[in-house]
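S.K.: entry-v6.txt is reproduced in full below (compact mmCIF, C-alpha atoms).
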```txt
# COMPACT_ATOMS: atom_id res chain seq x y z
CA MET A 1 -50.88 44.36 -12.26
CA THR A 2 -47.57 43.02 -11.01
CA PRO A 3 -44.67 44.27 -13.14
CA LEU A 4 -42.52 41.71 -14.86
CA GLN A 5 -39.51 40.82 -12.76
CA ASN A 6 -36.06 40.83 -14.26
CA PRO A 7 -34.55 37.36 -13.74
CA GLU A 8 -31.36 39.05 -12.55
CA ASP A 9 -33.34 40.65 -9.70
CA LYS A 10 -34.09 37.24 -8.14
CA PRO A 11 -32.20 36.55 -4.94
CA ARG A 12 -29.19 34.47 -5.66
CA LYS A 13 -28.02 31.52 -3.62
CA ARG A 14 -25.16 32.61 -1.43
CA ILE A 15 -22.00 30.61 -2.01
CA GLN A 16 -20.01 30.29 1.18
CA VAL A 17 -16.27 30.11 0.80
CA ARG A 18 -14.42 28.92 3.90
CA PHE A 19 -11.11 30.69 4.40
CA GLY A 20 -10.77 30.08 8.13
CA GLU A 21 -8.71 26.92 8.20
CA LYS A 22 -6.18 28.22 5.68
CA LEU A 23 -5.76 31.48 7.58
CA ARG A 24 -5.30 29.65 10.87
CA ILE A 25 -2.77 27.17 9.46
CA VAL A 26 -0.64 29.93 7.91
CA ARG A 27 -0.82 32.05 11.07
CA GLU A 28 0.30 29.14 13.26
CA GLN A 29 3.07 28.17 10.84
CA LYS A 30 4.40 31.72 11.06
CA GLY A 31 4.19 31.62 14.87
CA LEU A 32 1.81 34.60 15.04
CA THR A 33 -0.87 35.12 17.69
CA LEU A 34 -4.46 36.08 17.03
CA LYS A 35 -3.80 39.36 18.83
CA SER A 36 -0.80 40.33 16.71
CA VAL A 37 -2.54 39.49 13.42
CA ALA A 38 -5.71 41.35 14.45
CA LYS A 39 -3.71 44.44 15.45
CA ALA A 40 -1.74 44.47 12.19
CA ALA A 41 -4.92 44.05 10.14
CA GLY A 42 -6.81 46.71 12.08
CA VAL A 43 -9.61 44.41 13.27
CA SER A 44 -10.59 42.85 16.57
CA GLU A 45 -9.02 39.66 17.89
CA SER A 46 -12.53 38.25 18.32
CA LEU A 47 -13.30 38.78 14.63
CA VAL A 48 -10.12 37.00 13.50
CA SER A 49 -10.97 34.11 15.80
CA GLN A 50 -14.50 33.84 14.37
CA ILE A 51 -13.17 33.98 10.80
CA GLU A 52 -10.64 31.21 11.51
CA ARG A 53 -13.44 29.03 12.90
CA ASN A 54 -15.63 29.82 9.87
CA HIS A 55 -18.27 31.35 12.12
CA VAL A 56 -18.37 34.49 9.99
CA SER A 57 -17.46 35.30 6.40
CA PRO A 58 -15.02 38.23 6.24
CA ALA A 59 -15.72 41.36 4.24
CA ILE A 60 -13.43 41.60 1.23
CA ASP A 61 -11.39 44.46 2.72
CA THR A 62 -10.90 42.47 5.93
CA LEU A 63 -9.87 39.39 3.97
CA LEU A 64 -7.37 41.42 1.92
CA SER A 65 -5.92 42.90 5.10
CA LEU A 66 -5.49 39.49 6.70
CA ALA A 67 -3.95 38.08 3.52
CA ASP A 68 -1.51 41.00 3.42
CA VAL A 69 -0.52 40.56 7.09
CA LEU A 70 -0.02 36.81 6.64
CA ASP A 71 1.62 37.25 3.21
CA ILE A 72 -0.87 34.83 1.61
CA ASN A 73 -1.39 34.55 -2.12
CA LEU A 74 -5.06 35.20 -2.92
CA GLU A 75 -5.02 32.36 -5.45
CA PHE A 76 -4.25 30.03 -2.55
CA LEU A 77 -7.29 31.30 -0.63
CA PHE A 78 -9.68 31.03 -3.56
CA GLU A 79 -8.45 27.80 -5.18
CA GLU A 80 -11.37 25.82 -3.74
CA TYR A 81 -13.98 28.36 -4.91
CA ARG A 82 -16.57 26.74 -7.17
CA ARG A 83 -14.25 23.83 -7.77
CA GLU A 84 -15.88 20.63 -8.93
CA ARG A 85 -15.55 17.79 -6.44
CA PRO A 86 -16.20 14.63 -8.42
CA VAL A 87 -17.22 11.43 -6.70
CA TYR A 88 -15.81 8.36 -8.46
CA VAL A 89 -17.59 5.05 -8.03
CA ILE A 90 -15.98 1.87 -9.33
CA ARG A 91 -18.32 -1.12 -9.39
CA LYS A 92 -16.94 -4.45 -8.24
CA ASN A 93 -17.30 -6.05 -11.67
CA GLU A 94 -15.94 -2.97 -13.51
CA ARG A 95 -12.54 -2.52 -11.85
CA PRO A 96 -9.74 -1.69 -14.29
CA MET A 97 -7.03 -4.36 -14.05
CA ILE A 98 -3.44 -4.84 -15.00
CA HIS A 99 -1.35 -8.00 -14.90
CA GLU A 100 2.28 -8.06 -13.84
CA ASP A 101 3.36 -11.57 -14.83
CA ASP A 102 1.01 -13.69 -12.69
CA ILE A 103 0.02 -10.85 -10.34
CA VAL A 104 -3.28 -8.99 -10.69
CA TYR A 105 -3.90 -5.37 -9.66
CA GLU A 106 -7.59 -4.37 -9.40
CA GLU A 107 -8.12 -0.62 -9.20
CA LEU A 108 -10.19 0.58 -6.22
CA ALA A 109 -9.63 4.36 -6.30
CA LYS A 110 -9.33 6.51 -9.38
CA ALA A 111 -6.52 9.07 -9.28
CA ASP A 112 -7.56 12.68 -9.88
CA GLU A 113 -4.86 14.90 -11.39
CA LYS A 114 -6.63 18.01 -10.05
CA ASP A 115 -5.80 16.92 -6.50
CA ARG A 116 -2.09 17.04 -7.30
CA GLU A 117 -0.07 15.94 -4.25
CA ASN A 118 -3.27 14.94 -2.40
CA SER A 119 -4.25 12.40 -5.04
CA LEU A 120 -3.89 8.66 -4.54
CA GLU A 121 -4.48 5.34 -6.22
CA SER A 122 -5.57 2.10 -4.57
CA TYR A 123 -5.70 -1.55 -5.57
CA VAL A 124 -6.57 -5.04 -4.51
CA ILE A 125 -3.33 -6.89 -5.21
CA LYS A 126 -3.61 -10.65 -5.82
CA ILE A 127 -0.33 -12.56 -5.65
CA PRO A 128 -0.23 -16.34 -6.17
CA ALA A 129 1.91 -18.57 -3.94
CA GLY A 130 5.62 -18.29 -4.68
CA SER A 131 5.35 -14.98 -6.54
CA HIS A 132 6.22 -11.35 -5.76
CA THR A 133 5.75 -7.85 -7.13
CA HIS A 134 8.29 -6.06 -9.32
CA HIS A 135 6.69 -2.63 -9.40
CA GLY A 136 8.46 -0.52 -6.77
CA SER A 137 11.61 -2.63 -6.72
CA TYR A 138 13.62 0.51 -7.55
CA GLY A 139 11.61 2.86 -5.35
CA HIS A 140 9.60 5.94 -6.32
CA VAL A 141 8.37 9.19 -4.80
CA GLY A 142 5.56 9.21 -2.23
CA ARG A 143 4.23 6.80 0.37
CA GLU A 144 2.46 3.44 0.38
CA PHE A 145 -0.01 1.83 2.76
CA GLY A 146 -1.28 -1.73 2.69
CA VAL A 147 -3.60 -4.12 4.55
CA VAL A 148 -3.45 -7.90 4.13
CA ILE A 149 -6.94 -9.35 3.71
CA GLN A 150 -5.96 -12.93 2.87
CA GLY A 151 -2.81 -15.00 3.21
CA THR A 152 0.66 -14.05 4.42
CA ALA A 153 2.89 -11.36 2.92
CA ARG A 154 6.60 -10.70 3.17
CA LEU A 155 7.50 -7.05 2.62
CA LYS A 156 11.12 -6.58 1.58
CA TYR A 157 12.10 -2.99 2.28
CA GLU A 158 15.74 -2.10 1.66
CA LYS A 159 17.63 -4.81 3.60
CA ASN A 160 14.78 -5.56 6.01
CA GLU A 161 11.93 -8.08 5.84
CA TYR A 162 8.51 -7.86 7.51
CA ILE A 163 5.96 -10.69 7.74
CA LEU A 164 2.35 -9.52 7.51
CA ASN A 165 -0.57 -11.80 8.30
CA LYS A 166 -4.27 -11.32 7.62
CA GLY A 167 -5.42 -8.06 9.20
CA ASP A 168 -1.90 -6.60 9.51
CA SER A 169 -1.17 -3.23 7.93
CA VAL A 170 1.98 -1.39 6.96
CA SER A 171 2.99 2.05 5.71
CA PHE A 172 6.33 3.39 4.51
CA PRO A 173 8.10 5.99 2.34
CA ALA A 174 8.18 4.57 -1.17
CA SER A 175 11.53 6.08 -2.16
CA CYS A 176 13.44 2.97 -1.06
CA PRO A 177 13.37 -0.31 -3.02
CA HIS A 178 10.51 -2.55 -1.89
CA THR A 179 8.66 -5.68 -3.01
CA ILE A 180 5.75 -7.74 -1.69
CA GLU A 181 6.06 -11.52 -1.68
CA ASN A 182 3.48 -14.19 -1.05
CA ALA A 183 4.99 -15.99 1.95
CA GLY A 184 2.20 -18.57 2.26
CA ASP A 185 0.60 -21.45 0.40
CA GLU A 186 -2.64 -19.68 -0.61
CA GLU A 187 -3.26 -16.65 -2.80
CA LEU A 188 -2.22 -13.40 -1.12
CA LYS A 189 -4.74 -10.55 -1.28
CA ALA A 190 -3.99 -7.08 0.00
CA ILE A 191 -5.50 -3.62 -0.31
CA TRP A 192 -2.77 -1.20 -1.33
CA VAL A 193 -2.73 2.61 -1.45
CA VAL A 194 -0.10 4.70 -3.26
CA THR A 195 0.30 8.46 -3.10
CA PRO A 196 1.01 10.33 -5.27
CA PRO A 197 -0.31 8.01 -7.99
CA GLN A 198 2.19 6.14 -10.17
CA ARG A 199 -0.42 5.71 -12.95
CA PHE A 200 0.22 1.97 -12.80
CA VAL A 201 -3.17 1.07 -14.31
CA ASP A 202 -3.46 2.34 -17.87
CA ARG A 203 -6.50 4.53 -18.47
```
As structure tokens, how would this structure be written, given the file I've shared?
M.R.:
Amino acid sequence: MTPLQNPEDKPRKRIQVRFGEKLRIVREQKGLTLKSVAKAAGVSESLVSQIERNHVSPAIDTLLSLADVLDINLEFLFEEYRRERPVYVIRKNERPMIHEDDIVYEELAKADEKDRENSLESYVIKIPAGSHTHHGSYGHVGREFGVVIQGTARLKYEKNEYILNKGDSVSFPASCPHTIENAGDEELKAIWVVTPPQRFVDR
């Protein structure tokens, strides 16, 4: 008779945590070579190289040694461990919208507060002829990126003006005053990305 097996004795799925890229980025930022880090941590240069390329998972004592040599906070190394990575889908007919006078913003990308500075928001902006945006006219933190998909836009950025036709794109620091005008006779449509999010669309 086969003895009953304790559920805890079943082999568990191994969860791989990738530290390599973070270790490499910090090492390069500090101007350290693989050889110097390996020597200080008491391991081979080849092992450090393999860890940085995620070819091997380091033993905990090795990881602690490398973190100590590079002066890395362990919370920084483990922040991605078992973190949920939600995928947000917004259907075409379910886009949240907000109206700014006669301008329509249709949300394309949902901002995720967990991503902090890496989060973004994106819209289809629809501007009728003769109109322009007001949001951003005083500037705000972050960057913006836009692509014109219909019509002609005039971007006013500080004291400069830029004409953007269908297919043209633009990116800029958002800290300076800026507005988008419809410079044509038809409705202007543009895909716009803002990071970090300004929470322009109410949730």
S.K.: Counting all atoms listed in the file, which of A:Phe76, A:Tyr105, A:Tyr88, A:Tyr162 gets nearest to A:Ile125?
M.R.: A:Tyr105
S.K.: Could you tell me how far atom CA of A:Glu121 sits from atom CA of A:Gln198, in Å to one decimal place?
M.R.: 7.8 Å
S.K.: Quick one: of A:Leu164, A:Met97, A:Leu63, A:Ile180, who's nearest to A:Ser131, counting only C-alpha atoms?
M.R.: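 Looking only at the distances to A:Ser131, the closest residue turns out to be A:Ile180.
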S.K.: Using only C-alpha atoms, which residues sit within 10 Å of A:Tyr157 once same-chain residues fewer than 3 positions away are excluded, as an NGL selection string?
M.R.: :A and (137 or 139 or 154 or 160-162 or 172-174 or 176-180)
S.K.: Tell me which of A:Arg18, A:Asn118, A:Gly130, A:His135 sits closest to A:His55, counting all atoms listed in the file.
M.R.: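 Selected residue with least distance to A:His55: A:Arg18.
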S.K.: Ranking A:Glu94, A:Glu144, A:Glu75, A:Asp102 by minimum distance to A:Ser122 and counting only C-alpha atoms, which one comes first?
M.R.: A:Glu144
S.K.: Got a sec: who's within 10 Å of A:Ala41, counting all atoms listed in the file, leaving out chain neighbours fewer than 5 positions off, as a VMD selection string?
M.R.: chain A and resid 35 to 36 48 61 to 70
S.K.: Can those selected residues be exported to a file as a PDB file, keeping the file's coordinate frame so that it contains C-alpha atoms?
M.R.:
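Output file again_37.pdb is given in full below:
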```
ATOM      1  CA  LYS A  35      -3.800  39.360  18.830  1.00  0.00           C
ATOM      2  CA  SER A  36      -0.800  40.330  16.710  1.00  0.00           C
ATOM      3  CA  VAL A  48     -10.120  37.000  13.500  1.00  0.00           C
ATOM      4  CA  ASP A  61     -11.390  44.460   2.720  1.00  0.00           C
ATOM      5  CA  THR A  62     -10.900  42.470   5.930  1.00  0.00           C
ATOM      6  CA  LEU A  63      -9.870  39.390   3.970  1.00  0.00           C
ATOM      7  CA  LEU A  64      -7.370  41.420   1.920  1.00  0.00           C
ATOM      8  CA  SER A  65      -5.920  42.900   5.100  1.00  0.00           C
ATOM      9  CA  LEU A  66      -5.490  39.490   6.700  1.00  0.00           C
ATOM     10  CA  ALA A  67      -3.950  38.080   3.520  1.00  0.00           C
ATOM     11  CA  ASP A  68      -1.510  41.000   3.420  1.00  0.00           C
ATOM     12  CA  VAL A  69      -0.520  40.560   7.090  1.00  0.00           C
ATOM     13  CA  LEU A  70      -0.020  36.810   6.640  1.00  0.00           C
TER      14      LEU A  70
END
```
